[in-house]
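*Asks:* You'll find my_file_5.cif just under this line, and it carries mmCIF, C-alpha atoms.
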```cif
data_work
loop_
_atom_site.group_PDB
_atom_site.id
_atom_site.type_symbol
_atom_site.label_atom_id
_atom_site.label_comp_id
_atom_site.auth_asym_id
_atom_site.auth_seq_id
_atom_site.Cartn_x
_atom_site.Cartn_y
_atom_site.Cartn_z
ATOM 1 C CA MET M 1 37.944 -5.220 9.566
ATOM 2 C CA ARG M 2 34.639 -3.645 10.484
ATOM 3 C CA PRO M 3 31.498 -5.794 10.139
ATOM 4 C CA TRP M 4 28.986 -4.659 7.484
ATOM 5 C CA ARG M 5 26.328 -3.775 10.075
ATOM 6 C CA LYS M 6 28.697 -1.287 11.782
ATOM 7 C CA PHE M 7 28.754 0.958 8.677
ATOM 8 C CA ALA M 8 26.347 3.884 8.472
ATOM 9 C CA GLU M 9 23.661 3.696 5.765
ATOM 10 C CA GLU M 10 25.469 6.304 3.586
ATOM 11 C CA GLU M 11 28.720 4.333 3.850
ATOM 12 C CA ARG M 12 26.991 1.087 2.804
ATOM 13 C CA VAL M 13 25.421 2.786 -0.224
ATOM 14 C CA LEU M 14 28.783 4.255 -1.240
ATOM 15 C CA LEU M 15 30.581 0.911 -0.806
ATOM 16 C CA THR M 16 27.879 -0.860 -2.822
ATOM 17 C CA LEU M 17 28.286 1.642 -5.665
ATOM 18 C CA LEU M 18 32.095 1.386 -5.599
ATOM 19 C CA ALA M 19 32.179 -2.414 -5.336
ATOM 20 C CA THR M 20 31.555 -2.899 -9.053
ATOM 21 C CA HIS M 21 34.394 -0.527 -9.989
ATOM 22 C CA LEU M 22 37.066 -1.521 -7.458
ATOM 23 C CA PRO M 23 38.332 -4.636 -9.317
ATOM 24 C CA ALA M 24 38.872 -2.599 -12.516
ATOM 25 C CA ILE M 25 40.591 0.219 -10.614
ATOM 26 C CA TRP M 26 42.830 -2.289 -8.823
ATOM 27 C CA ALA M 27 43.706 -4.088 -12.097
ATOM 28 C CA GLU M 28 44.502 -0.776 -13.828
ATOM 29 C CA ALA M 29 46.766 0.318 -10.972
ATOM 30 C CA ARG M 30 48.607 -3.023 -10.996
ATOM 31 C CA ALA M 31 49.042 -2.830 -14.791
ATOM 32 C CA ALA M 32 50.466 0.697 -14.505
ATOM 33 C CA ASP M 33 52.911 -0.473 -11.818
ATOM 34 C CA ALA M 34 53.937 -3.419 -14.020
ATOM 35 C CA VAL M 35 54.655 -1.095 -16.970
ATOM 36 C CA ARG M 36 56.779 1.192 -14.786
ATOM 37 C CA LEU M 37 58.693 -1.732 -13.305
ATOM 38 C CA ALA M 38 59.291 -3.370 -16.707
ATOM 39 C CA ALA M 39 60.499 -0.101 -18.232
ATOM 40 C CA THR M 40 62.814 0.576 -15.300
ATOM 41 C CA ARG M 41 64.297 -2.923 -15.505
ATOM 42 C CA ALA M 42 64.603 -2.832 -19.298
ATOM 43 C CA MET M 43 66.427 0.493 -19.366
ATOM 44 C CA LYS M 44 68.692 -0.223 -16.371
ATOM 45 C CA GLY M 45 69.545 3.427 -16.348
ATOM 46 C CA ASP M 46 68.007 6.816 -16.778
ATOM 47 C CA VAL M 47 64.240 6.694 -16.362
ATOM 48 C CA ILE M 48 61.717 9.225 -15.118
ATOM 49 C CA VAL M 49 58.307 8.136 -13.819
ATOM 50 C CA VAL M 50 55.665 10.819 -14.449
ATOM 51 C CA ASP M 51 52.009 11.130 -13.522
ATOM 52 C CA GLY M 52 49.149 12.094 -15.851
ATOM 53 C CA ARG M 53 49.976 15.786 -15.457
ATOM 54 C CA GLY M 54 53.626 15.378 -16.399
ATOM 55 C CA ARG M 55 54.881 15.801 -12.839
ATOM 56 C CA VAL M 56 57.854 13.722 -11.781
ATOM 57 C CA LYS M 57 56.979 10.916 -9.392
ATOM 58 C CA MET M 58 60.414 9.293 -9.412
ATOM 59 C CA TRP M 59 63.899 9.900 -10.840
ATOM 60 C CA SER M 60 67.403 9.475 -9.546
ATOM 61 C CA ALA M 61 69.782 12.347 -8.835
ATOM 62 C CA GLU M 62 71.916 11.126 -11.752
ATOM 63 C CA THR M 63 68.937 11.185 -14.144
ATOM 64 C CA ARG M 64 68.022 14.677 -12.940
ATOM 65 C CA ALA M 65 71.608 15.824 -13.609
ATOM 66 C CA ASN M 66 71.538 14.241 -17.086
ATOM 67 C CA VAL M 67 68.271 16.037 -17.930
ATOM 68 C CA ALA M 68 69.715 19.347 -16.705
ATOM 69 C CA ARG M 69 72.858 18.774 -18.793
ATOM 70 C CA ALA M 70 70.800 17.905 -21.898
ATOM 71 C CA PHE M 71 68.852 21.156 -21.590
ATOM 72 C CA GLY M 72 71.845 23.271 -20.585
ATOM 73 C CA PHE M 73 70.627 24.606 -17.243
ATOM 74 C CA THR M 74 70.115 23.707 -13.599
ATOM 75 C CA LEU M 75 66.678 22.427 -12.660
ATOM 76 C CA GLN M 76 65.254 24.494 -9.814
ATOM 77 C CA ALA M 77 62.480 22.152 -8.662
ATOM 78 C CA THR M 78 63.167 18.493 -7.944
ATOM 79 C CA ARG M 79 59.752 17.354 -9.219
ATOM 80 C CA SER M 80 59.463 19.531 -12.306
ATOM 81 C CA LEU M 81 60.514 18.772 -15.873
ATOM 82 C CA PRO M 82 61.892 21.448 -18.223
ATOM 83 C CA VAL M 83 59.159 23.330 -20.117
ATOM 84 C CA THR M 84 60.214 21.723 -23.423
ATOM 85 C CA MET M 85 59.630 18.252 -21.952
ATOM 86 C CA ARG M 86 56.273 19.216 -20.443
ATOM 87 C CA ASP M 87 55.146 20.614 -23.824
ATOM 88 C CA TRP M 88 56.372 17.427 -25.520
ATOM 89 C CA LEU M 89 54.298 15.298 -23.117
ATOM 90 C CA ARG M 90 51.213 17.508 -23.565
ATOM 91 C CA GLY M 91 51.621 17.120 -27.335
ATOM 92 C CA GLY M 92 51.351 13.344 -27.043
ATOM 93 C CA ALA M 93 55.087 12.455 -27.092
ATOM 94 C CA ALA M 94 54.526 10.273 -30.175
ATOM 95 C CA ALA M 95 58.117 10.731 -31.390
ATOM 96 C CA PRO M 96 61.203 10.909 -29.197
ATOM 97 C CA LEU M 97 62.389 14.288 -27.935
ATOM 98 C CA VAL M 98 66.016 14.718 -29.035
ATOM 99 C CA ARG M 99 68.649 16.998 -27.516
ATOM 100 C CA ASN M 100 72.161 17.354 -28.954
ATOM 101 C CA GLY M 101 75.150 19.199 -27.605
ATOM 102 C CA SER M 102 78.611 18.898 -26.063
ATOM 103 C CA GLY M 103 79.307 15.794 -28.126
ATOM 104 C CA GLN M 104 76.256 13.987 -26.699
ATOM 105 C CA ARG M 105 72.857 13.113 -28.089
ATOM 106 C CA VAL M 106 70.044 12.312 -25.656
ATOM 107 C CA GLU M 107 66.754 10.833 -26.825
ATOM 108 C CA PHE M 108 63.751 10.935 -24.497
ATOM 109 C CA TRP M 109 61.235 8.136 -25.159
ATOM 110 C CA PHE M 110 57.807 8.086 -23.492
ATOM 111 C CA ILE M 111 56.250 4.752 -22.514
ATOM 112 C CA PRO M 112 52.607 5.287 -21.426
ATOM 113 C CA ASP M 113 51.278 3.245 -18.516
ATOM 114 C CA GLY M 114 47.569 3.370 -19.378
ATOM 115 C CA THR M 115 46.633 5.854 -16.644
ATOM 116 C CA GLY M 116 47.821 9.034 -18.377
ATOM 117 C CA GLY M 117 51.261 8.810 -16.811
ATOM 118 C CA GLY M 118 54.196 6.650 -17.733
ATOM 119 C CA VAL M 119 57.933 6.339 -17.956
ATOM 120 C CA ILE M 120 60.353 8.552 -19.842
ATOM 121 C CA ALA M 121 63.456 6.599 -20.804
ATOM 122 C CA LEU M 122 66.676 8.405 -21.721
ATOM 123 C CA ARG M 123 68.942 6.986 -24.422
ATOM 124 C CA HIS M 124 72.443 8.427 -24.662
ATOM 125 C CA SER M 125 74.664 8.281 -27.739
ATOM 126 C CA LYS M 126 77.395 10.199 -29.486
ATOM 127 C CA ASP M 127 76.319 13.444 -31.172
ATOM 128 C CA PRO M 128 75.762 12.601 -34.867
ATOM 129 C CA LEU M 129 77.310 15.852 -36.090
ATOM 130 C CA PRO M 130 81.060 16.159 -36.625
ATOM 131 C CA ALA M 131 83.097 17.695 -33.817
ATOM 132 C CA GLY M 132 83.610 21.378 -34.445
ATOM 133 C CA ALA M 133 80.318 21.848 -36.299
ATOM 134 C CA SER M 134 79.051 25.217 -35.097
ATOM 135 C CA VAL M 135 75.400 24.356 -35.664
ATOM 136 C CA THR M 136 73.085 25.977 -33.105
ATOM 137 C CA ARG M 137 70.793 23.929 -30.876
ATOM 138 C CA ARG M 138 67.720 25.011 -32.867
ATOM 139 C CA GLU M 139 69.422 24.200 -36.203
ATOM 140 C CA ARG M 140 70.338 20.756 -34.817
ATOM 141 C CA GLU M 141 66.744 20.169 -33.788
ATOM 142 C CA VAL M 142 65.385 21.162 -37.223
ATOM 143 C CA LEU M 143 68.079 19.108 -38.946
ATOM 144 C CA GLY M 144 67.278 16.096 -36.760
ATOM 145 C CA TRP M 145 63.635 16.164 -37.872
ATOM 146 C CA ALA M 146 64.551 16.871 -41.498
ATOM 147 C CA VAL M 147 66.792 13.813 -41.862
ATOM 148 C CA THR M 148 63.938 11.592 -40.645
ATOM 149 C CA GLY M 149 62.008 12.583 -43.768
ATOM 150 C CA MET M 150 59.729 15.260 -42.350
ATOM 151 C CA HIS M 151 58.750 18.160 -44.623
ATOM 152 C CA ASN M 152 59.313 21.782 -43.589
ATOM 153 C CA GLU M 153 55.613 22.251 -42.812
ATOM 154 C CA GLU M 154 55.558 19.193 -40.550
ATOM 155 C CA ILE M 155 58.672 20.359 -38.710
ATOM 156 C CA ALA M 156 57.179 23.845 -38.368
ATOM 157 C CA GLY M 157 54.013 22.405 -36.826
ATOM 158 C CA ARG M 158 55.946 20.215 -34.398
ATOM 159 C CA MET M 159 58.244 23.059 -33.308
ATOM 160 C CA ALA M 160 55.616 25.837 -33.376
ATOM 161 C CA ILE M 161 57.601 27.980 -35.848
ATOM 162 C CA SER M 162 56.953 29.012 -39.440
ATOM 163 C CA ALA M 163 57.965 26.917 -42.446
ATOM 164 C CA GLY M 164 60.149 29.852 -43.545
ATOM 165 C CA THR M 165 62.049 29.700 -40.245
ATOM 166 C CA VAL M 166 62.551 25.957 -40.726
ATOM 167 C CA LYS M 167 63.916 26.592 -44.216
ATOM 168 C CA ARG M 168 66.296 29.264 -42.891
ATOM 169 C CA HIS M 169 67.572 26.984 -40.087
ATOM 170 C CA LEU M 170 68.199 24.230 -42.645
ATOM 171 C CA GLU M 171 70.033 26.594 -45.005
ATOM 172 C CA ASN M 172 72.264 27.773 -42.143
ATOM 173 C CA ALA M 173 72.964 24.208 -41.011
ATOM 174 C CA PHE M 174 73.734 23.049 -44.569
ATOM 175 C CA HIS M 175 76.199 25.924 -45.007
ATOM 176 C CA LYS M 176 77.946 25.209 -41.680
ATOM 177 C CA LEU M 177 78.177 21.471 -42.441
ATOM 178 C CA GLY M 178 79.324 22.007 -46.019
ATOM 179 C CA VAL M 179 76.415 20.067 -47.535
ATOM 180 C CA ARG M 180 73.920 21.029 -50.216
ATOM 181 C CA ASN M 181 70.752 19.162 -49.242
ATOM 182 C CA ARG M 182 68.945 16.885 -46.786
ATOM 183 C CA THR M 183 70.375 13.747 -48.339
ATOM 184 C CA GLU M 184 73.964 14.844 -47.726
ATOM 185 C CA ALA M 185 73.061 15.969 -44.200
ATOM 186 C CA ALA M 186 71.411 12.593 -43.520
ATOM 187 C CA ALA M 187 74.571 10.839 -44.721
ATOM 188 C CA ILE M 188 76.572 12.746 -42.095
ATOM 189 C CA PHE M 189 74.085 11.738 -39.384
ATOM 190 C CA ARG M 190 74.058 8.075 -40.443
ATOM 191 C CA THR M 191 77.817 7.781 -40.944
ATOM 192 C CA ASP M 192 78.615 9.317 -37.568
ATOM 193 C CA ALA M 193 75.865 7.378 -35.776
ATOM 194 C CA ALA M 194 77.138 4.085 -37.252
ATOM 195 C CA ALA M 195 80.637 4.829 -35.953
ATOM 196 C CA SER M 196 79.409 5.255 -32.357
#
```
So, in terms of structure tokens, how does the structure I just supplied come out?

*Replies:*
Amino acid sequence: MRPWRKFAEEERVLLTLLATHLPAIWAEARAADAVRLAATRAMKGDVIVVDGRGRVKMWSAETRANVARAFGFTLQATRSLPVTMRDWLRGGAAAPLVRNGSGQRVEFWFIPDGTGGGVIALRHSKDPLPAGASVTRREREVLGWAVTGMHNEEIAGRMAISAGTVKRHLENAFHKLGVRNRTEAAAIFRTDAAAS
């Protein structure tokens, strides 16, 4: 370690100014590391560590494959999330991002670390819709929000589509599932989810 007198005057001024902030910066960094570690241990599975800009800092090859499978395409960059996930993070990620398909349901949950970044935990379960339901991915997404109690306008705002488009997706999904309303659709989701 260099003695204080060996620093140039500009360096001493800079170190003096930083000295009051370094303990807080160090504590914040340690807290962020603790959150990441706790989330990784708690999930014991698929987790993605992201920085404040939504860039991947850490994920396993298996997690990367599971994300690609959930979105139905191959990820080109090893440190880049799908656009839908990046938009979800930019929007605050207050609710989980849900993807359904091929008999699987994947929920993406964001756990902030206090520095703008955090951990995205993946939760896998059986698809709540009956096998053979020919509901499109977009209809599934609208239906998933609808059965949580959201109104068409809220769903439209979250998905950046019109309320009329939400209504049309719901009508199509209801017809394909053989139900008449949200309550019957929710019963299908709950019954199937309870069985898994």

*Asks:* Go through M:Asp51, M:Glu9, M:Glu184, M:Glu154 and flag the residue nearest M:Ser80, using only C-alpha atoms for the distances.

*Replies:*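 Of M:Asp51, M:Glu9, M:Glu184, M:Glu154, the one nearest M:Ser80 is M:Asp51, counting only C-alpha atoms.
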
*Asks:* Where does the PyMOL selection byres ((chain M and resi 88) around 12) land in this file, that is, which residues does it pick, as a PDB file with C-alpha atoms, in the coordinates of the input?

*Replies:*
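Produced file selection_8.pdb, reproduced below:
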```
ATOM      1  CA  GLY M  54      53.626  15.378 -16.399  1.00  0.00           C
ATOM      2  CA  LEU M  81      60.514  18.772 -15.873  1.00  0.00           C
ATOM      3  CA  PRO M  82      61.892  21.448 -18.223  1.00  0.00           C
ATOM      4  CA  VAL M  83      59.159  23.330 -20.117  1.00  0.00           C
ATOM      5  CA  THR M  84      60.214  21.723 -23.423  1.00  0.00           C
ATOM      6  CA  MET M  85      59.630  18.252 -21.952  1.00  0.00           C
ATOM      7  CA  ARG M  86      56.273  19.216 -20.443  1.00  0.00           C
ATOM      8  CA  ASP M  87      55.146  20.614 -23.824  1.00  0.00           C
ATOM      9  CA  LEU M  89      54.298  15.298 -23.117  1.00  0.00           C
ATOM     10  CA  ARG M  90      51.213  17.508 -23.565  1.00  0.00           C
ATOM     11  CA  GLY M  91      51.621  17.120 -27.335  1.00  0.00           C
ATOM     12  CA  GLY M  92      51.351  13.344 -27.043  1.00  0.00           C
ATOM     13  CA  ALA M  93      55.087  12.455 -27.092  1.00  0.00           C
ATOM     14  CA  ALA M  94      54.526  10.273 -30.175  1.00  0.00           C
ATOM     15  CA  ALA M  95      58.117  10.731 -31.390  1.00  0.00           C
ATOM     16  CA  PRO M  96      61.203  10.909 -29.197  1.00  0.00           C
ATOM     17  CA  LEU M  97      62.389  14.288 -27.935  1.00  0.00           C
ATOM     18  CA  VAL M  98      66.016  14.718 -29.035  1.00  0.00           C
ATOM     19  CA  PHE M 108      63.751  10.935 -24.497  1.00  0.00           C
ATOM     20  CA  TRP M 109      61.235   8.136 -25.159  1.00  0.00           C
ATOM     21  CA  PHE M 110      57.807   8.086 -23.492  1.00  0.00           C
ATOM     22  CA  ILE M 120      60.353   8.552 -19.842  1.00  0.00           C
ATOM     23  CA  ARG M 158      55.946  20.215 -34.398  1.00  0.00           C
ATOM     24  CA  MET M 159      58.244  23.059 -33.308  1.00  0.00           C
ATOM     25  CA  ALA M 160      55.616  25.837 -33.376  1.00  0.00           C
TER      26      ALA M 160
END
```

*Asks:* Please list as a compact mmCIF listing (two decimals) with C-alpha atoms, in the coordinates of the input every residue within 8 Å of stretch 134-146 of chain M, counting all atoms listed in the file and excluding residues in the same chain fewer than 3 positions away.

*Replies:*
```txt
# COMPACT_ATOMS: atom_id res chain seq x y z
CA VAL M 98 66.02 14.72 -29.04
CA ARG M 99 68.65 17.00 -27.52
CA ASN M 100 72.16 17.35 -28.95
CA GLY M 101 75.15 19.20 -27.60
CA GLY M 149 62.01 12.58 -43.77
CA MET M 150 59.73 15.26 -42.35
CA HIS M 151 58.75 18.16 -44.62
CA ASN M 152 59.31 21.78 -43.59
CA ILE M 155 58.67 20.36 -38.71
CA VAL M 166 62.55 25.96 -40.73
CA HIS M 169 67.57 26.98 -40.09
CA LEU M 170 68.20 24.23 -42.64
CA ASN M 172 72.26 27.77 -42.14
CA ALA M 173 72.96 24.21 -41.01
CA LYS M 176 77.95 25.21 -41.68
CA LEU M 177 78.18 21.47 -42.44
CA ARG M 182 68.94 16.89 -46.79
CA ALA M 185 73.06 15.97 -44.20
```

*Asks:* Would you be able to write out as a PyMOL selection string which residues have an atom within 12 Å of (71.3, 20.6, -17.9) in the file's coordinates, counting all atoms listed in the file?

*Replies:* chain M and resi 62-76+81-82+99-102+106

*Asks:* Restricting the calculation to all atoms listed in the file, which member of M:Ile188, M:Ala29, M:Ala19, M:Val50 is positioned closest to M:Val147?

*Replies:* M:Ile188

*Asks:* Have a look at atom CA of M:Asp113 and atom CA of M:Asp46 and let me know their distance in Å, one decimal.

*Replies:* 17.2 Å

*Asks:* What's the separation between atom CA of M:Lys6 and atom CA of M:Ala24, in Å to one decimal place?

*Replies:*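 Interatomic distance here is 26.4 Å.
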
*Asks:* What's the separation between atom CA of M:Leu14 and atom CA of M:Arg2, in Å to one decimal place?

*Replies:*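 Those two atoms sit 15.3 Å apart.
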
*Asks:* Return as a compact mmCIF listing (two decimals) with C-alpha atoms, keeping the file's coordinate frame the set of residues that the PyMOL selection byres ((chain M and resi 116) around 8) yields on the displayed structure.

*Replies:*
```txt
# COMPACT_ATOMS: atom_id res chain seq x y z
CA ASP M 51 52.01 11.13 -13.52
CA GLY M 52 49.15 12.09 -15.85
CA ARG M 53 49.98 15.79 -15.46
CA PRO M 112 52.61 5.29 -21.43
CA ASP M 113 51.28 3.24 -18.52
CA GLY M 114 47.57 3.37 -19.38
CA THR M 115 46.63 5.85 -16.64
CA GLY M 117 51.26 8.81 -16.81
CA GLY M 118 54.20 6.65 -17.73
```
